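Undergrad: Please find one structure pasted underneath; my questions will follow.
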Amino acid sequence: MLAARGLRRALRSWACAPAPRREPAATLRVRAALGPRSSSGERVTVQGWIRSVRSQKEVLFLHVNDGSSLENLQIVADSSFDSRELAFGSSVEIQGQLIKSPSKRQNVELKAEKIEVVGNCDAKTYPFKYKERHPLEYLRQYPHLRCRTNVLGSILRVRSEATAAIHSFFKDHGFVHIHTPIITSNDCEGAGELFQVEPSSKMKLPEENFFDVPAFLTVSGQLHLEVMSGAFTRVFTFGPTFRAENSQSRRHLAEFYMVEAEISFIESLQDLMQVMEELFKSATMMVLSNCPEDVELCHKFIAPGQKDSLEHMLKNNFLIISYTEAMEILKQAPQNFTFTPEWGDDLRTEHEKYLVKHCGNIPVFVINYPLALKPFYMRDNEDGPQRTVAAVDLLVPGVGELFGGSLREERYHFLEQRLARYWSDLKKRSIWTSVDLDLCHMEVLGWDLNAICSASWELTISRMLSLFQDLLIHVFYSWKTG
C-alpha cells in the first residue's frame with residue numbers, strides 16, 4: 001500500500017514538472033560570429049541585409065552582412081526556405097546553429113533553422129546590382145543607400161576606429177575632453193570665412209540679432225580650450241568645424257572634424273612633437289590592427305601602395321627640420337614648382353609633399369616659422385633679424401600638413417607689443433573685423449592664463465584618414481557638391 005502511494009506521488013510530480021526548455025538563441029553580430037571566439041554548435045540569431053542569394057536543388061546559400069564587418073556570413077538553409085522575398089538588399093533575421101564550414105573561405109557558417117524577412121527589397125528597382133562595382137559618382141546619387149556598399153562601409157568603419165583610437169589615446173594620457181560650442185560669436189584668429197547663424201523665420205526685426213550679437217558656426221574651439229587650460233593641464237576637443245571657403249578642393253571642406261588640444265606647463269617643441277608622434281602612431285596601429293580587411297580594400301581599390309607607406313612610417317622616428325632648412329631644400333630641388341619658394345612665404349602643398357619625399361617618405365616636423373607668417377600668440381624665439389616663432393607642422397607622405405601647433409607666448413610684454421602693432425595696422429587701413437574682440441580676449445588671457453608655458457596643436461581628422469583611403473573626403477564628406 002505504502003509503495004503504491006509513493007509511486008503515485010512520483011508520477012504526479014513528474015507530470016507537473018516543466019519540460020526542459022531550449023536555450024534562446026543569442027543575437028550575434030556578423031563580426032562576432034566570424035571571430036575566433038565563436039563556438040561551433042552555438043545557437044544564434046543574426047540580423048542584417050542579404051548581399052547574395054544562390055539557390056541549388058536541395059540547398060539555399062545566403063550571404064548576410066550587418067555592417068560590422070567587410071566579410072559576409074554564409075547562411076546554409078534547406079531549399080524549402082527559398083522565396084522571392086529572399087532577394088539582394090532585403091533585411092532578414094535568421095536563427096540557427098553555427099557550424100564549422102567545409103569551405104576554406106570562412107571558418108564558420110550558419111545552418112538556418114528559421115528565416116524571417118523583415119523588409120522586402122525589389123531587386124529590379126534596387127539601384128545597386130550584385131557583383132557590380134559602381135563608380136563613386138553614381139553612388140553619390142543614393143546617399144541613403146551608398147553606405148551599404150563595400151567601399152563606403154570600409155571607409156566609415158575605419159573612420160569610426162580612428163575616432164575611438166584618438167579618444168583612447170587622450171584618455172590614457174590624462175587629457176580632459178571639452179565640448180566647445182558649435183555656435184559662437186568669435187572668429188578664431190580669422191581662420192576662414194564664416195557661416196552666419198540666423199533663425200529661418202525672423203523672430204525679431206531684421207536688423208536685430210537672435211543672440212544680440214552676430215553668431216557663427218565655429219571655425220575652431222581654440223579660444224574655449226585656452227580658457228580651460230587655466231584649470232586643467234591637458235584638454236582636448238574633437239568636433240565639427242565649418243569654413244565658408246569657395247573651393248572645390250578636397251583639402252578645403254565646408255564641414256570637417258578637427259582635433260584640438262592644449263597642454264600647460266610645457267616648455268619645448270620637442271615635448272609637443274613627441275605627443276604628436278605618439279598620437280599618430282597609436283591611432284594608426286589601432287586602425288591597422290582592428291580593421292585589417294577594410295584597410296586592405298582601401299589600399300587595393302582606392303590608394304594602392306599606401307599600406308607599405310604606413311608601415312614604413314610606423315617603423316621610423318619622425319624627422320625634424322627648421323623652416324629655413326626646408327627653404328634651402330626647396331630652392332635646390334631639381335624640379336620647378338608652381339609657387340617659387342622664398343623665405344617668408346608659407347609652404348604650399350607641392351612644397352610639403354616634396355619635402356616629405358626628399359626626407360625618404362618619412363613624416364617630418366618643420367619647426368620655427370617666420371614670425372610674420374603665424375598668429376600673434378605663438379612664442380617668439382628671439383633669434384635675430386630673421387625672427388621666428390616656436391611653431392611646428394607635421395608633414396606626412398601623400399597628404400602634406402597633418403598636424404599644426406606651437407608654444408604659446410606667455411610673456412605679457414611681448415603680447416602687448418604685438419597687439420599694439422596690430423591695432424596700429426588696423427587703424428592705418430581702417431579695417432575692423434570680428435577677430436578684434438578675440439584679440440582683446442587674448443590680451444586678457446595673456447595676463448591671466450598664459451603666465452605659464454603652454455602649447456597647442458590641431459589635427460584634421462579627414463586628412464589623417466586620407467592616409468588610409470585617398471578619396472575619403474571626395475566620396476562622402478564634401479557637402480558642398482554632394
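Here's how to read the names in the C-alpha cells: chain A, B, ... by the order shown, residue numbers from 1 in each chain, ligand numbers from 1 in the order shown.
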Give me, as a count of residues only, the residues of segment 128-348 of chain A that a backbone DSSP run labels strand (DSSP E or B).
TA: 30
Undergrad: Please list as a list in words every residue within 7 Å of segment 73-75 of chain A, counting only C-alpha atoms and excluding residues in the same chain fewer than 6 positions away.
TA: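 Listing them by chain and then by number gives Val30, Phe61, Leu62, His63, Val64, Asn65, Glu109, Leu110, Lys111 and Ala112 of chain A.
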Undergrad: Choose the residue, out of A:Glu132, A:His177, A:Phe414, A:Ser79, that has the smallest atom-to-atom separation from Glu58 of chain A; count only C-alpha atoms.
TA: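 Result for the nearest residue to Glu58 of chain A: A:Ser79.
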Undergrad: Taking 6 positions as the minimum chain separation for residues in the same chain, which residues sit within 12 Å of Tyr354 of chain A when counting only C-alpha atoms? Answer as an MDAnalysis selection string.
TA: chainID A and resid 326:327 329:337 341 347:348 360:364 395:401
Undergrad: Can I get the selected residues back with N, CA and C atoms, as a compact mmCIF listing (two decimals), in the first residue's frame?
TA:
# COMPACT_ATOMS: atom_id res chain seq x y z
N ALA A 326 64.14 73.86 -44.65
CA ALA A 326 63.16 73.44 -45.66
C ALA A 326 63.24 74.31 -46.90
N MET A 327 63.40 75.63 -46.70
CA MET A 327 63.50 76.54 -47.84
C MET A 327 64.77 76.27 -48.66
N ILE A 329 66.25 73.37 -48.99
CA ILE A 329 66.00 72.13 -49.73
C ILE A 329 65.14 72.40 -50.96
N LEU A 330 64.11 73.21 -50.80
CA LEU A 330 63.21 73.51 -51.91
C LEU A 330 63.91 74.30 -53.02
N LYS A 331 64.78 75.24 -52.63
CA LYS A 331 65.48 76.05 -53.64
C LYS A 331 66.48 75.22 -54.43
N GLN A 332 66.99 74.15 -53.82
CA GLN A 332 67.95 73.29 -54.51
C GLN A 332 67.27 72.13 -55.24
N ALA A 333 65.94 72.08 -55.20
CA ALA A 333 65.20 70.98 -55.82
C ALA A 333 65.37 71.01 -57.34
N PRO A 334 65.52 69.85 -57.97
CA PRO A 334 65.69 69.80 -59.43
C PRO A 334 64.40 70.10 -60.19
N GLN A 335 63.28 70.08 -59.53
CA GLN A 335 62.01 70.32 -60.21
C GLN A 335 61.55 71.76 -60.06
N ASN A 336 60.66 72.19 -60.96
CA ASN A 336 60.09 73.53 -60.89
C ASN A 336 58.74 73.47 -60.17
N PHE A 337 58.52 74.42 -59.28
CA PHE A 337 57.27 74.49 -58.54
C PHE A 337 56.36 75.55 -59.15
N PRO A 341 59.51 78.91 -54.07
CA PRO A 341 59.73 79.03 -52.63
C PRO A 341 60.65 80.19 -52.28
N LEU A 347 54.50 77.55 -46.79
CA LEU A 347 54.71 76.34 -47.57
C LEU A 347 53.41 75.94 -48.27
N ARG A 348 53.49 75.67 -49.54
CA ARG A 348 52.35 75.18 -50.32
C ARG A 348 52.33 73.66 -50.26
N GLY A 360 62.81 60.85 -47.53
CA GLY A 360 62.66 59.40 -47.53
C GLY A 360 61.27 58.91 -47.24
N ASN A 361 60.26 59.74 -47.53
CA ASN A 361 58.85 59.38 -47.28
C ASN A 361 58.61 59.00 -45.82
N ILE A 362 59.30 59.70 -44.95
CA ILE A 362 59.08 59.60 -43.51
C ILE A 362 58.46 60.91 -43.05
N PRO A 363 57.46 60.87 -42.16
CA PRO A 363 56.89 62.13 -41.66
C PRO A 363 57.97 63.05 -41.11
N VAL A 364 57.82 64.33 -41.38
CA VAL A 364 58.85 65.29 -40.97
C VAL A 364 58.20 66.48 -40.29
N LEU A 395 54.39 67.10 -41.49
CA LEU A 395 54.10 66.77 -42.89
C LEU A 395 54.21 65.27 -43.07
N VAL A 396 53.24 64.68 -43.76
CA VAL A 396 53.24 63.22 -43.97
C VAL A 396 53.08 62.91 -45.45
N PRO A 397 53.56 61.73 -45.89
CA PRO A 397 53.50 61.37 -47.31
C PRO A 397 52.07 61.37 -47.84
N GLY A 398 51.90 61.88 -49.06
CA GLY A 398 50.62 61.83 -49.74
C GLY A 398 49.61 62.85 -49.28
N VAL A 399 49.86 63.51 -48.15
CA VAL A 399 48.88 64.44 -47.58
C VAL A 399 49.45 65.84 -47.47
N GLY A 400 50.67 65.94 -46.99
CA GLY A 400 51.24 67.24 -46.66
C GLY A 400 51.04 67.51 -45.19
N GLU A 401 50.59 68.72 -44.85
CA GLU A 401 50.42 69.08 -43.44
C GLU A 401 49.27 68.27 -42.82
Undergrad: Nearest to Val92 of chain A: which of A:Gln106, A:Ser69, A:Thr45, A:Gly174 is it, counting only C-alpha atoms?
TA: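 For Val92 of chain A, the nearest of the candidates is A:Thr45.
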Undergrad: Taking only C-alpha atoms into account, name the residue in A:Asn150, A:Ser322, A:Gln56, A:Thr233 that is nearest to Glu296 of chain A.
TA: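 Checking each candidate against Glu296 of chain A, we get A:Asn150 as the closest.
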Undergrad: With a distance cut-off of 12 Å and only C-alpha atoms, select the neighbouring residues of segment 97-102 of chain A, excluding the residue or stretch itself and same-chain residues fewer than 5 positions from it, and output the selection as JSON, numbers by chain.
TA: {"A": [23, 24, 25, 26, 27, 28, 30, 32, 33, 34, 35, 36, 37, 38, 39, 40, 41, 42, 43, 44, 45, 46, 73, 74, 75, 76, 77, 107, 108, 109, 110, 111, 112, 113, 114]}
Undergrad: Would you mind listing what lies within 8 Å of Phe236 of chain A as JSON, numbers by chain, with only C-alpha atoms counted and same-chain residues fewer than 2 positions away left out?
TA: {"A": [170, 175, 176, 177, 178, 225, 234, 238, 259, 260, 261, 262]}
Undergrad: Suppose we keep N, CA, C and O atoms; can you now write the selection as a JSON list (two decimals), in the first residue's frame?
TA:
[["chain", "number", "residue", "atom", "x", "y", "z"],
["A", 170, "PHE", "N", 43.95, 60.03, -25.85],
["A", 170, "PHE", "CA", 43.84, 61.18, -24.95],
["A", 170, "PHE", "C", 43.45, 60.75, -23.53],
["A", 170, "PHE", "O", 43.96, 61.29, -22.55],
["A", 175, "PHE", "N", 44.17, 63.51, -20.67],
["A", 175, "PHE", "CA", 43.50, 64.70, -21.21],
["A", 175, "PHE", "C", 42.03, 64.71, -20.82],
["A", 175, "PHE", "O", 41.38, 63.65, -20.75],
["A", 176, "VAL", "N", 41.50, 65.89, -20.56],
["A", 176, "VAL", "CA", 40.08, 66.07, -20.27],
["A", 176, "VAL", "C", 39.38, 66.51, -21.57],
["A", 176, "VAL", "O", 39.81, 67.45, -22.23],
["A", 177, "HIS", "N", 38.30, 65.80, -21.91],
["A", 177, "HIS", "CA", 37.57, 66.12, -23.15],
["A", 177, "HIS", "C", 36.61, 67.28, -22.88],
["A", 177, "HIS", "O", 35.75, 67.19, -22.02],
["A", 178, "ILE", "N", 36.77, 68.36, -23.66],
["A", 178, "ILE", "CA", 35.93, 69.54, -23.53],
["A", 178, "ILE", "C", 35.03, 69.66, -24.75],
["A", 178, "ILE", "O", 35.51, 69.58, -25.89],
["A", 225, "LEU", "N", 39.28, 76.31, -25.41],
["A", 225, "LEU", "CA", 40.26, 75.42, -24.79],
["A", 225, "LEU", "C", 41.29, 76.20, -24.00],
["A", 225, "LEU", "O", 41.76, 75.74, -22.95],
["A", 234, "ARG", "N", 45.76, 69.40, -19.18],
["A", 234, "ARG", "CA", 45.67, 68.78, -20.50],
["A", 234, "ARG", "C", 44.21, 68.70, -20.92],
["A", 234, "ARG", "O", 43.40, 68.05, -20.25],
["A", 238, "PHE", "N", 37.12, 67.53, -29.84],
["A", 238, "PHE", "CA", 37.03, 66.76, -31.09],
["A", 238, "PHE", "C", 35.63, 66.98, -31.65],
["A", 238, "PHE", "O", 34.68, 66.37, -31.19],
["A", 259, "VAL", "N", 40.61, 67.75, -34.39],
["A", 259, "VAL", "CA", 41.08, 67.54, -33.02],
["A", 259, "VAL", "C", 41.94, 68.73, -32.63],
["A", 259, "VAL", "O", 42.85, 69.11, -33.37],
["A", 260, "GLU", "N", 41.66, 69.32, -31.48],
["A", 260, "GLU", "CA", 42.47, 70.43, -30.97],
["A", 260, "GLU", "C", 42.82, 70.12, -29.51],
["A", 260, "GLU", "O", 41.98, 69.61, -28.76],
["A", 261, "ALA", "N", 44.04, 70.43, -29.12],
["A", 261, "ALA", "CA", 44.49, 70.12, -27.76],
["A", 261, "ALA", "C", 45.34, 71.25, -27.20],
["A", 261, "ALA", "O", 45.98, 71.99, -27.94],
["A", 262, "GLU", "N", 45.32, 71.38, -25.88],
["A", 262, "GLU", "CA", 46.14, 72.35, -25.15],
["A", 262, "GLU", "C", 46.85, 71.62, -24.02],
["A", 262, "GLU", "O", 46.24, 70.82, -23.30]]
Undergrad: Just want the 10 Å neighbourhood of Asp345 of chain A, counted on only C-alpha atoms, with same-chain residues fewer than 6 positions away dropped. Output as a list in words.
TA: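 Counting only the stated atoms, we get Met327, Phe339, Tyr369, Pro370, Ala372 and Leu373 of chain A.
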Undergrad: Write out, as CSV, each residue of segment 77-173 of chain A that has an atom at most 12 Å from segment 267-289 of chain A, together with the closest pair of atoms and their distance in Å to one decimal, counting only C-alpha atoms, rows going by chain and rising number.
TA:
residue,atom,partner,partner_atom,distance
A:Ser154,CA,A:Val287,CA,11.4
A:Ile155,CA,A:Val287,CA,11.3
A:Leu156,CA,A:Val287,CA,11.9
A:Arg157,CA,A:Val287,CA,9.3
A:Val158,CA,A:Val287,CA,6.5
A:Arg159,CA,A:Val287,CA,8.8
A:Ser160,CA,A:Val287,CA,9.2
A:Glu161,CA,A:Val287,CA,5.9
A:Ala162,CA,A:Ala283,CA,6.0
A:Thr163,CA,A:Ala283,CA,8.4
A:Ala164,CA,A:Ala283,CA,8.5
A:Ala165,CA,A:Ala283,CA,5.0
A:Ile166,CA,A:Ala283,CA,5.9
A:His167,CA,A:Ala283,CA,9.3
A:Ser168,CA,A:Ala283,CA,8.7
A:Phe169,CA,A:Leu279,CA,6.6
A:Phe170,CA,A:Leu279,CA,8.3
A:Lys171,CA,A:Leu279,CA,11.5
A:Asp172,CA,A:Leu279,CA,10.9
A:His173,CA,A:Val275,CA,9.4
Undergrad: I'd like the interatomic distance between atom CA of Pro143 of chain A and atom CA of Phe128 of chain A, to a tenth of an Å.
TA: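 Here the two named atoms are 12.4 Å from each other.
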Undergrad: One decimal, Å: what's the distance from atom CA of Ser229 of chain A over to atom CA of Glu409 of chain A, could you say?
TA: 14.1 Å
Undergrad: Can you list every residue in segment 181-357 of chain A that DSSP puts in alpha helix (DSSP H), as a ChimeraX atom specification?
TA: /A:222-228,269-290,292-301,306-315,323-331,349-357
Undergrad: Applying 12 Å and only C-alpha atoms, which residues near Ser406 of chain A remain after dropping the ones on its own chain fewer than 5 positions away? List them as a VMD selection string.
TA: chain A and resid 260 to 263 266 to 273 276 365 to 369 371 374 to 381 388 to 394 453 to 458
Undergrad: Next, write the just-selected residues to a file, as a PDB file, in the first residue's frame, keeping C-alpha atoms as the atom set.
TA:
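Everything below was put into selection_20.pdb:
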ATOM      1  CA  GLU A 260      42.474  70.428 -30.970  1.00  0.00           C
ATOM      2  CA  ALA A 261      44.491  70.124 -27.763  1.00  0.00           C
ATOM      3  CA  GLU A 262      46.138  72.352 -25.154  1.00  0.00           C
ATOM      4  CA  ILE A 263      48.929  71.330 -22.774  1.00  0.00           C
ATOM      5  CA  ILE A 266      55.275  72.566 -21.436  1.00  0.00           C
ATOM      6  CA  GLU A 267      58.488  74.390 -22.328  1.00  0.00           C
ATOM      7  CA  SER A 268      59.842  72.876 -25.550  1.00  0.00           C
ATOM      8  CA  LEU A 269      58.665  71.962 -29.019  1.00  0.00           C
ATOM      9  CA  GLN A 270      60.386  68.614 -28.546  1.00  0.00           C
ATOM     10  CA  ASP A 271      57.869  67.638 -25.850  1.00  0.00           C
ATOM     11  CA  LEU A 272      54.991  68.761 -28.066  1.00  0.00           C
ATOM     12  CA  MET A 273      56.301  66.860 -31.089  1.00  0.00           C
ATOM     13  CA  MET A 276      52.031  64.384 -31.820  1.00  0.00           C
ATOM     14  CA  PHE A 365      58.346  68.084 -38.457  1.00  0.00           C
ATOM     15  CA  VAL A 366      59.020  71.575 -39.821  1.00  0.00           C
ATOM     16  CA  ILE A 367      59.739  73.987 -36.955  1.00  0.00           C
ATOM     17  CA  ASN A 368      60.497  77.656 -36.291  1.00  0.00           C
ATOM     18  CA  TYR A 369      58.423  79.541 -38.851  1.00  0.00           C
ATOM     19  CA  LEU A 371      57.040  85.430 -37.054  1.00  0.00           C
ATOM     20  CA  LYS A 374      51.979  82.933 -37.752  1.00  0.00           C
ATOM     21  CA  PRO A 375      49.373  84.257 -35.276  1.00  0.00           C
ATOM     22  CA  PHE A 376      50.471  86.724 -32.628  1.00  0.00           C
ATOM     23  CA  TYR A 377      50.160  84.306 -29.705  1.00  0.00           C
ATOM     24  CA  MET A 378      52.974  81.971 -30.835  1.00  0.00           C
ATOM     25  CA  ARG A 379      56.168  82.229 -28.784  1.00  0.00           C
ATOM     26  CA  ASP A 380      58.917  84.472 -30.138  1.00  0.00           C
ATOM     27  CA  ASN A 381      62.249  82.630 -30.479  1.00  0.00           C
ATOM     28  CA  THR A 388      60.886  83.113 -35.952  1.00  0.00           C
ATOM     29  CA  VAL A 389      58.332  81.629 -33.595  1.00  0.00           C
ATOM     30  CA  ALA A 390      58.163  78.226 -31.890  1.00  0.00           C
ATOM     31  CA  ALA A 391      55.661  76.749 -34.337  1.00  0.00           C
ATOM     32  CA  VAL A 392      55.588  73.243 -35.814  1.00  0.00           C
ATOM     33  CA  ASP A 393      53.807  71.471 -38.670  1.00  0.00           C
ATOM     34  CA  LEU A 394      53.886  67.709 -39.203  1.00  0.00           C
ATOM     35  CA  CYS A 453      54.246  77.982 -20.501  1.00  0.00           C
ATOM     36  CA  SER A 454      51.758  76.122 -22.658  1.00  0.00           C
ATOM     37  CA  ALA A 455      51.354  74.623 -26.114  1.00  0.00           C
ATOM     38  CA  SER A 456      48.529  73.832 -28.522  1.00  0.00           C
ATOM     39  CA  TRP A 457      48.105  71.769 -31.660  1.00  0.00           C
ATOM     40  CA  GLU A 458      45.405  70.562 -34.005  1.00  0.00           C
TER      41      GLU A 458
END
Undergrad: Measure the distance from atom CA of Val151 of chain A to atom CA of Leu297 of chain A in Å and round it to one decimal.
TA: 7.5 Å
